[in-house]
file input.csv (CSV, C-alpha atoms)
chain,number,residue,atom,x,y,z
A,1,MET,CA,12.0,4.3,-3.9
A,2,PHE,CA,11.8,3.3,-7.5
A,3,PHE,CA,10.5,-0.1,-6.5
A,4,ILE,CA,8.0,1.4,-4.0
A,5,GLY,CA,6.6,3.3,-7.0
A,6,ALA,CA,6.6,0.2,-9.1
A,7,TYR,CA,4.8,-1.7,-6.3
A,8,GLY,CA,2.2,1.0,-6.1
A,9,PHE,CA,1.8,0.9,-9.9
A,10,LEU,CA,1.2,-2.8,-9.7
A,11,THR,CA,-1.2,-2.9,-6.8
A,12,ARG,CA,-3.3,0.2,-7.0
A,13,LYS,CA,-6.6,0.1,-8.9
A,14,ASN,CA,-7.3,3.8,-9.0
A,15,LEU,CA,-6.0,5.8,-11.9
A,16,ILE,CA,-5.0,8.8,-9.9
A,17,THR,CA,-3.0,6.7,-7.4
A,18,MET,CA,-1.2,5.0,-10.4
A,19,LEU,CA,-0.3,8.5,-11.6
A,20,MET,CA,1.2,9.3,-8.2
A,21,SER,CA,3.2,6.1,-8.4
A,22,ILE,CA,4.6,7.2,-11.7
A,23,GLU,CA,5.7,10.5,-10.2
A,24,LEU,CA,7.5,8.5,-7.5
A,25,ILE,CA,9.4,6.5,-10.1
A,26,LEU,CA,10.4,9.6,-12.0
A,27,ASN,CA,11.6,11.2,-8.8
A,28,ALA,CA,13.7,8.2,-7.9
A,29,VAL,CA,15.4,8.3,-11.3
A,30,ASN,CA,16.0,12.0,-10.9
A,31,ILE,CA,17.7,11.6,-7.6
A,32,ASN,CA,20.0,8.9,-9.0
A,33,PHE,CA,20.9,11.1,-12.0
A,34,VAL,CA,21.8,14.1,-9.8
A,35,ALA,CA,23.7,12.1,-7.3
A,36,PHE,CA,25.8,10.3,-9.9
A,37,ASN,CA,26.4,13.6,-11.6
A,38,LYS,CA,27.5,15.2,-8.4
A,39,TYR,CA,29.9,12.6,-7.1
A,40,LEU,CA,31.2,10.8,-10.2
A,41,TYR,CA,31.3,13.4,-13.0
A,42,PRO,CA,31.2,16.8,-11.4
A,43,GLU,CA,33.1,18.3,-14.4
A,44,ASN,CA,30.0,18.2,-16.7
A,45,MET,CA,26.3,18.5,-16.1
A,46,GLN,CA,24.5,15.9,-18.1
A,47,GLY,CA,22.7,14.5,-15.2
A,48,HIS,CA,21.6,17.9,-14.1
A,49,PHE,CA,20.1,18.8,-17.4
A,50,PHE,CA,18.6,15.4,-17.9
A,51,SER,CA,16.8,15.8,-14.6
A,52,MET,CA,15.4,19.1,-15.6
A,53,PHE,CA,14.1,17.7,-18.9
A,54,ILE,CA,12.5,14.8,-16.9
A,55,ILE,CA,10.7,17.2,-14.7
A,56,GLY,CA,9.4,19.1,-17.7
A,57,ILE,CA,8.1,15.9,-19.3
A,58,ALA,CA,6.6,14.7,-16.1
A,59,ALA,CA,4.6,18.0,-15.9
A,60,ALA,CA,3.3,17.5,-19.4
A,61,GLU,CA,2.5,13.9,-18.8
A,62,ALA,CA,0.6,14.6,-15.6
A,63,ALA,CA,-1.5,17.4,-17.3
A,64,VAL,CA,-2.5,15.1,-20.2
A,65,ALA,CA,-3.2,12.2,-17.9
A,66,ILE,CA,-5.4,14.2,-15.6
A,67,ALA,CA,-7.3,15.6,-18.5
A,68,ILE,CA,-8.0,12.1,-19.7
A,69,ILE,CA,-9.0,10.9,-16.2
A,70,ILE,CA,-11.5,13.7,-15.8
A,71,ASN,CA,-12.9,13.0,-19.2
A,72,ILE,CA,-13.3,9.3,-18.4
A,73,TYR,CA,-14.9,10.2,-15.1
A,74,ARG,CA,-17.4,12.4,-16.8
A,75,ASN,CA,-18.3,9.6,-19.1
A,76,ILE,CA,-18.6,6.6,-16.9
A,77,GLN,CA,-18.6,8.1,-13.3
A,78,ASN,CA,-15.8,5.8,-12.2
A,79,ILE,CA,-12.0,5.7,-12.5
A,80,ASP,CA,-11.1,2.3,-11.4
A,81,VAL,CA,-9.0,0.4,-13.9
A,82,GLU,CA,-11.2,-2.6,-14.1
A,83,ASN,CA,-14.2,-0.7,-15.2
A,84,ILE,CA,-12.5,0.9,-18.1
A,85,ASP,CA,-12.8,-1.8,-20.6
A,86,GLN,CA,-14.8,0.0,-23.2
A,87,MET,CA,-13.2,2.4,-25.7
A,88,LYS,CA,-16.4,3.9,-27.1
A,89,TYR,CA,-19.3,5.4,-25.2
B,1,MET,CA,26.6,17.2,9.5
B,2,GLU,CA,25.9,16.7,5.8
B,3,THR,CA,25.6,13.0,6.3
B,4,ILE,CA,23.1,13.4,9.1
B,5,ILE,CA,21.0,15.7,6.9
B,6,PHE,CA,21.2,13.2,4.0
B,7,TYR,CA,20.1,10.3,6.2
B,8,ILE,CA,17.2,12.3,7.6
B,9,LEU,CA,16.0,13.3,4.2
B,10,SER,CA,16.3,9.9,2.7
B,11,ILE,CA,14.4,8.3,5.6
B,12,VAL,CA,11.7,10.9,5.1
B,13,ILE,CA,11.6,10.1,1.4
B,14,LEU,CA,11.4,6.3,2.0
B,15,VAL,CA,8.8,6.4,4.7
B,16,PHE,CA,6.5,8.8,3.0
B,17,SER,CA,6.8,7.1,-0.4
B,18,VAL,CA,5.7,3.8,1.3
B,19,LEU,CA,2.8,5.6,2.9
B,20,THR,CA,1.9,7.1,-0.4
B,21,VAL,CA,1.3,3.7,-2.0
B,22,THR,CA,-0.2,2.1,1.0
B,23,THR,CA,-2.5,4.6,2.6
B,24,LYS,CA,-6.3,4.1,2.4
B,25,LYS,CA,-7.4,7.7,1.8
B,26,ILE,CA,-6.5,9.1,-1.6
B,27,LEU,CA,-6.2,12.7,-0.4
B,28,ARG,CA,-3.7,11.6,2.2
B,29,ALA,CA,-1.7,9.8,-0.5
B,30,ALA,CA,-1.4,13.1,-2.3
B,31,VAL,CA,-0.2,14.9,0.8
B,32,TYR,CA,2.4,12.3,1.4
B,33,LEU,CA,3.5,12.6,-2.2
B,34,LEU,CA,4.0,16.3,-1.5
B,35,PHE,CA,6.3,15.5,1.4
B,36,VAL,CA,8.3,13.1,-0.7
B,37,LEU,CA,8.8,15.8,-3.4
B,38,GLY,CA,9.8,18.4,-0.8
B,39,ALA,CA,12.4,16.1,0.7
B,40,THR,CA,13.8,15.5,-2.8
B,41,ALA,CA,14.1,19.2,-3.3
B,42,GLY,CA,16.0,19.2,0.0
B,43,ILE,CA,18.5,16.7,-1.3
B,44,TYR,CA,19.0,18.8,-4.4
B,45,PHE,CA,19.8,21.8,-2.2
B,46,MET,CA,22.3,19.6,-0.3
B,47,PHE,CA,24.1,18.9,-3.6
B,48,ASN,CA,24.3,22.6,-4.2
B,49,TYR,CA,22.1,22.4,-7.3
B,50,ASN,CA,20.0,25.4,-6.3
B,51,PHE,CA,18.2,25.9,-9.6
B,52,LEU,CA,17.2,22.2,-9.9
B,53,ALA,CA,15.8,22.4,-6.4
B,54,ALA,CA,13.8,25.5,-7.2
B,55,VAL,CA,12.4,23.9,-10.3
B,56,GLN,CA,11.5,20.8,-8.3
B,57,LEU,CA,9.6,22.8,-5.7
B,58,THR,CA,7.7,25.0,-8.2
B,59,VAL,CA,6.9,22.4,-10.8
B,60,TYR,CA,6.3,19.3,-8.6
B,61,ALA,CA,5.1,20.7,-5.3
B,62,GLY,CA,3.5,23.8,-6.8
B,63,GLY,CA,2.1,22.4,-10.0
B,64,ILE,CA,1.7,18.7,-10.1
B,65,VAL,CA,0.5,18.1,-6.6
B,66,VAL,CA,-2.1,20.8,-6.8
B,67,LEU,CA,-3.2,19.4,-10.1
B,68,ILE,CA,-3.6,15.9,-8.6
B,69,ILE,CA,-5.5,17.3,-5.6
B,70,PHE,CA,-7.8,19.1,-7.9
B,71,SER,CA,-8.5,16.0,-9.9
B,72,ILE,CA,-9.2,14.1,-6.7
B,73,LEU,CA,-11.7,16.7,-5.6
B,74,LEU,CA,-13.3,16.6,-9.0
B,75,THR,CA,-13.7,12.8,-9.2
B,76,HIS,CA,-14.1,11.6,-5.7
B,77,GLN,CA,-15.9,12.2,-2.5
B,78,ILE,CA,-13.0,12.9,-0.1
B,79,ASN,CA,-14.2,10.6,2.6
B,80,THR,CA,-14.5,7.5,0.6
B,81,ASN,CA,-11.8,5.0,1.3
B,82,LEU,CA,-10.1,3.1,-1.5
B,83,ASP,CA,-11.3,-0.4,-2.1
B,84,LYS,CA,-9.5,-3.3,-0.6
B,85,ILE,CA,-6.8,-4.7,-2.9
B,86,ASN,CA,-6.8,-8.5,-3.0
B,87,VAL,CA,-4.0,-10.4,-1.3
B,88,LYS,CA,-2.8,-12.1,-4.4
B,89,LYS,CA,-2.1,-8.7,-6.1
B,90,ILE,CA,-0.3,-7.4,-3.1
B,91,ALA,CA,1.9,-10.5,-2.9
B,92,LEU,CA,2.7,-10.3,-6.6
B,93,GLY,CA,3.7,-6.7,-6.3
B,94,ILE,CA,5.9,-7.3,-3.2
B,95,VAL,CA,7.6,-10.3,-4.8
B,96,SER,CA,8.3,-8.5,-8.1
B,97,SER,CA,9.6,-5.3,-6.5
B,98,GLY,CA,11.6,-7.3,-4.0
B,99,LEU,CA,13.3,-9.2,-6.8
B,100,GLY,CA,14.1,-5.9,-8.5
B,101,ILE,CA,15.5,-4.4,-5.3
B,102,PHE,CA,17.7,-7.5,-4.8
B,103,LEU,CA,19.0,-7.3,-8.4
B,104,VAL,CA,19.8,-3.6,-8.2
B,105,LEU,CA,21.5,-3.9,-4.8
B,106,SER,CA,23.6,-6.9,-5.7
B,107,THR,CA,24.8,-5.1,-8.9
B,108,LEU,CA,25.5,-1.9,-7.0
B,109,ASN,CA,27.5,-3.7,-4.3
B,110,ASN,CA,29.8,-5.3,-6.9
B,111,PHE,CA,30.5,-2.1,-8.8
B,112,GLN,CA,33.4,0.0,-7.8
B,113,PHE,CA,32.5,3.7,-7.8
B,114,VAL,CA,35.4,6.0,-8.4
B,115,ALA,CA,34.7,9.3,-6.9
B,116,SER,CA,36.0,12.0,-9.2
B,117,ASN,CA,38.1,14.9,-8.0
B,118,ASN,CA,37.6,17.1,-11.0
B,119,GLN,CA,36.6,20.6,-10.6
B,120,ALA,CA,32.9,21.0,-10.5
B,121,THR,CA,31.4,23.3,-13.1
B,122,ASP,CA,29.3,26.1,-11.8
B,123,SER,CA,25.7,25.3,-11.3
B,124,SER,CA,24.5,28.8,-11.0
B,125,ILE,CA,21.5,30.0,-12.9
B,126,HIS,CA,23.8,32.0,-15.2
B,127,GLY,CA,25.7,28.9,-16.2
B,128,ILE,CA,22.6,26.9,-16.7
B,129,GLY,CA,21.0,29.5,-18.9
B,130,ARG,CA,24.2,29.7,-21.0
B,131,ALA,CA,24.4,25.9,-21.4
B,132,LEU,CA,20.7,25.6,-22.2
B,133,LEU,CA,20.9,28.1,-25.1
B,134,SER,CA,24.3,27.4,-26.5
B,135,TYR,CA,24.7,25.4,-29.7
B,136,SER,CA,28.3,24.6,-29.2
B,137,GLU,CA,29.8,21.3,-27.9
B,138,ASN,CA,28.1,21.2,-24.5
B,139,GLY,CA,24.9,23.0,-25.4
B,140,TYR,CA,21.4,21.8,-24.9
B,141,ILE,CA,19.5,23.9,-27.4
B,142,LEU,CA,18.0,20.9,-29.2
B,143,PRO,CA,16.3,19.2,-26.2
B,144,PHE,CA,15.3,22.6,-24.9
B,145,GLU,CA,13.4,23.4,-28.1
B,146,VAL,CA,12.0,19.9,-28.3
B,147,ILE,CA,10.7,20.1,-24.8
B,148,SER,CA,9.1,23.5,-25.4
B,149,VAL,CA,7.2,22.1,-28.3
B,150,LEU,CA,6.2,19.1,-26.2
B,151,LEU,CA,4.9,21.3,-23.5
B,152,LEU,CA,2.8,23.3,-25.9
B,153,ALA,CA,1.4,20.1,-27.5
B,154,ALA,CA,0.6,18.7,-24.0
B,155,MET,CA,-1.2,21.9,-23.0
B,156,ILE,CA,-3.3,22.0,-26.2
B,157,GLY,CA,-4.0,18.3,-25.9
B,158,ALA,CA,-5.1,18.6,-22.3
B,159,ILE,CA,-7.4,21.5,-23.1
B,160,VAL,CA,-9.0,19.6,-26.0
B,161,ILE,CA,-9.5,16.4,-24.1
B,162,ALA,CA,-10.9,18.0,-20.9
B,163,LYS,CA,-13.2,20.4,-22.8
B,164,LYS,CA,-16.8,19.8,-22.6
B,165,GLU,CA,-18.2,18.4,-25.8
B,166,GLU,CA,-20.4,20.8,-27.7
B,167,ALA,CA,-23.7,19.6,-28.8
call {"tool": "encode", "arguments": {"input": "input.csv", "output": "structure tokens"}}
result
Amino acid sequence: MFFIGAYGFLTRKNLITMLMSIELILNAVNINFVAFNKYLYPENMQGHFFSMFIIGIAAAEAAVAIAIIINIYRNIQNIDVENIDQMKY
Amino acid sequence: METIIFYILSIVILVFSVLTVTTKKILRAAVYLLFVLGATAGIYFMFNYNFLAAVQLTVYAGGIVVLIIFSILLTHQINTNLDKINVKKIALGIVSSGLGIFLVLSTLNNFQFVASNNQATDSSIHGIGRALLSYSENGYILPFEVISVLLLAAMIGAIVIAKKEEA
């Protein structure tokens, strides 16, 4: 699943689909953390808490990224990666 | 029984995540992503981590997917298909991710996992709240505070960026 996300990140051109790929990657990591925590070290909860913090950070990151995407769209009417080669407008 | 549920959930996750990155319509990709996140929450429920599953459902399925769909609606016509990706890029992605999968699987197969029989700590909401706010050995008060500041900064930043510029 991590590599499906990585594949999507490499192949997609659209910014929003790249964002969705990032969510996939973070989810794969979360599942791994939780599974290792459950089966290898059930006596403490590091994986559990780490997953919770990852979810929080993912929410923050998605909010900021979507704000940036909307702003770019408002400025140049397009959100494909190739067209964003100018930093000033 | 648990094994069957686990396999069903993981097949759902794999199939829908492939569909998410390959489908032509962007709105459908968002809906497939929703399915993936829901199945992930199902796996957390299976592990008995109820609180984590609830967080997953509310934050991801409730928050992030809705946010993504809103941004799609704001920036696209729904009916437009995504552009064709050129073959070279697809081949490159498949090769690199295939290499990564091979590397990870070969490492995993050589590693001896020792299942632990220690007593599981309670993962109830009560215990989680205690651990999050305690500043003793196993407390998580520092990352808790850091992430609260991070969320505040992200919120303010998102508002400032997306705000219409005043003339």
call {"tool": "interface_residues", "arguments": {"input": "input.csv", "of": "chain B", "to": "chain A", "cutoff": "8 Å", "atoms": "only C-alpha atoms", "output": "tab-separated table (two decimals) with C-alpha atoms, keeping the file's coordinate frame"}}
result
chain	number	residue	atom	x	y	z
B	13	ILE	CA	11.60	10.10	1.40
B	14	LEU	CA	11.40	6.30	2.00
B	17	SER	CA	6.80	7.10	-0.40
B	18	VAL	CA	5.70	3.80	1.30
B	21	VAL	CA	1.30	3.70	-2.00
B	22	THR	CA	-0.20	2.10	1.00
B	26	ILE	CA	-6.50	9.10	-1.60
B	29	ALA	CA	-1.70	9.80	-0.50
B	30	ALA	CA	-1.40	13.10	-2.30
B	33	LEU	CA	3.50	12.60	-2.20
B	37	LEU	CA	8.80	15.80	-3.40
B	40	THR	CA	13.80	15.50	-2.80
B	44	TYR	CA	19.00	18.80	-4.40
B	47	PHE	CA	24.10	18.90	-3.60
B	52	LEU	CA	17.20	22.20	-9.90
B	55	VAL	CA	12.40	23.90	-10.30
B	56	GLN	CA	11.50	20.80	-8.30
B	59	VAL	CA	6.90	22.40	-10.80
B	60	TYR	CA	6.30	19.30	-8.60
B	63	GLY	CA	2.10	22.40	-10.00
B	64	ILE	CA	1.70	18.70	-10.10
B	67	LEU	CA	-3.20	19.40	-10.10
B	68	ILE	CA	-3.60	15.90	-8.60
B	71	SER	CA	-8.50	16.00	-9.90
B	72	ILE	CA	-9.20	14.10	-6.70
B	74	LEU	CA	-13.30	16.60	-9.00
B	75	THR	CA	-13.70	12.80	-9.20
B	85	ILE	CA	-6.80	-4.70	-2.90
B	89	LYS	CA	-2.10	-8.70	-6.10
B	90	ILE	CA	-0.30	-7.40	-3.10
B	93	GLY	CA	3.70	-6.70	-6.30
B	94	ILE	CA	5.90	-7.30	-3.20
B	96	SER	CA	8.30	-8.50	-8.10
B	97	SER	CA	9.60	-5.30	-6.50
B	98	GLY	CA	11.60	-7.30	-4.00
B	100	GLY	CA	14.10	-5.90	-8.50
B	101	ILE	CA	15.50	-4.40	-5.30
B	113	PHE	CA	32.50	3.70	-7.80
B	114	VAL	CA	35.40	6.00	-8.40
B	115	ALA	CA	34.70	9.30	-6.90
B	116	SER	CA	36.00	12.00	-9.20
B	117	ASN	CA	38.10	14.90	-8.00
B	118	ASN	CA	37.60	17.10	-11.00
B	119	GLN	CA	36.60	20.60	-10.60
B	120	ALA	CA	32.90	21.00	-10.50
B	121	THR	CA	31.40	23.30	-13.10
B	143	PRO	CA	16.30	19.20	-26.20
B	144	PHE	CA	15.30	22.60	-24.90
B	147	ILE	CA	10.70	20.10	-24.80
B	150	LEU	CA	6.20	19.10	-26.20
B	151	LEU	CA	4.90	21.30	-23.50
B	154	ALA	CA	0.60	18.70	-24.00
B	155	MET	CA	-1.20	21.90	-23.00
B	157	GLY	CA	-4.00	18.30	-25.90
B	158	ALA	CA	-5.10	18.60	-22.30
B	159	ILE	CA	-7.40	21.50	-23.10
B	161	ILE	CA	-9.50	16.40	-24.10
B	162	ALA	CA	-10.90	18.00	-20.90
call {"tool": "atom_distance", "arguments": {"input": "input.csv", "atom1": "CA of Arg28 in chain B", "atom2": "CA of Thr58 in chain B"}}
result
20.4 Å
call {"tool": "closest_residue", "arguments": {"input": "input.csv", "among": "B:Leu34, B:Ala54, B:Ala41, B:Tyr7", "to": "Thr20 in chain B", "atoms": "all atoms listed in the file"}}
result
B:Leu34
call {"tool": "atom_distance", "arguments": {"input": "input.csv", "atom1": "CA of Asn48 in chain B", "atom2": "CA of Phe6 in chain B"}}
result
12.9 Å
call {"tool": "atom_distance", "arguments": {"input": "input.csv", "atom1": "CA of Asn50 in chain B", "atom2": "CA of Leu19 in chain B"}}
result
27.8 Å
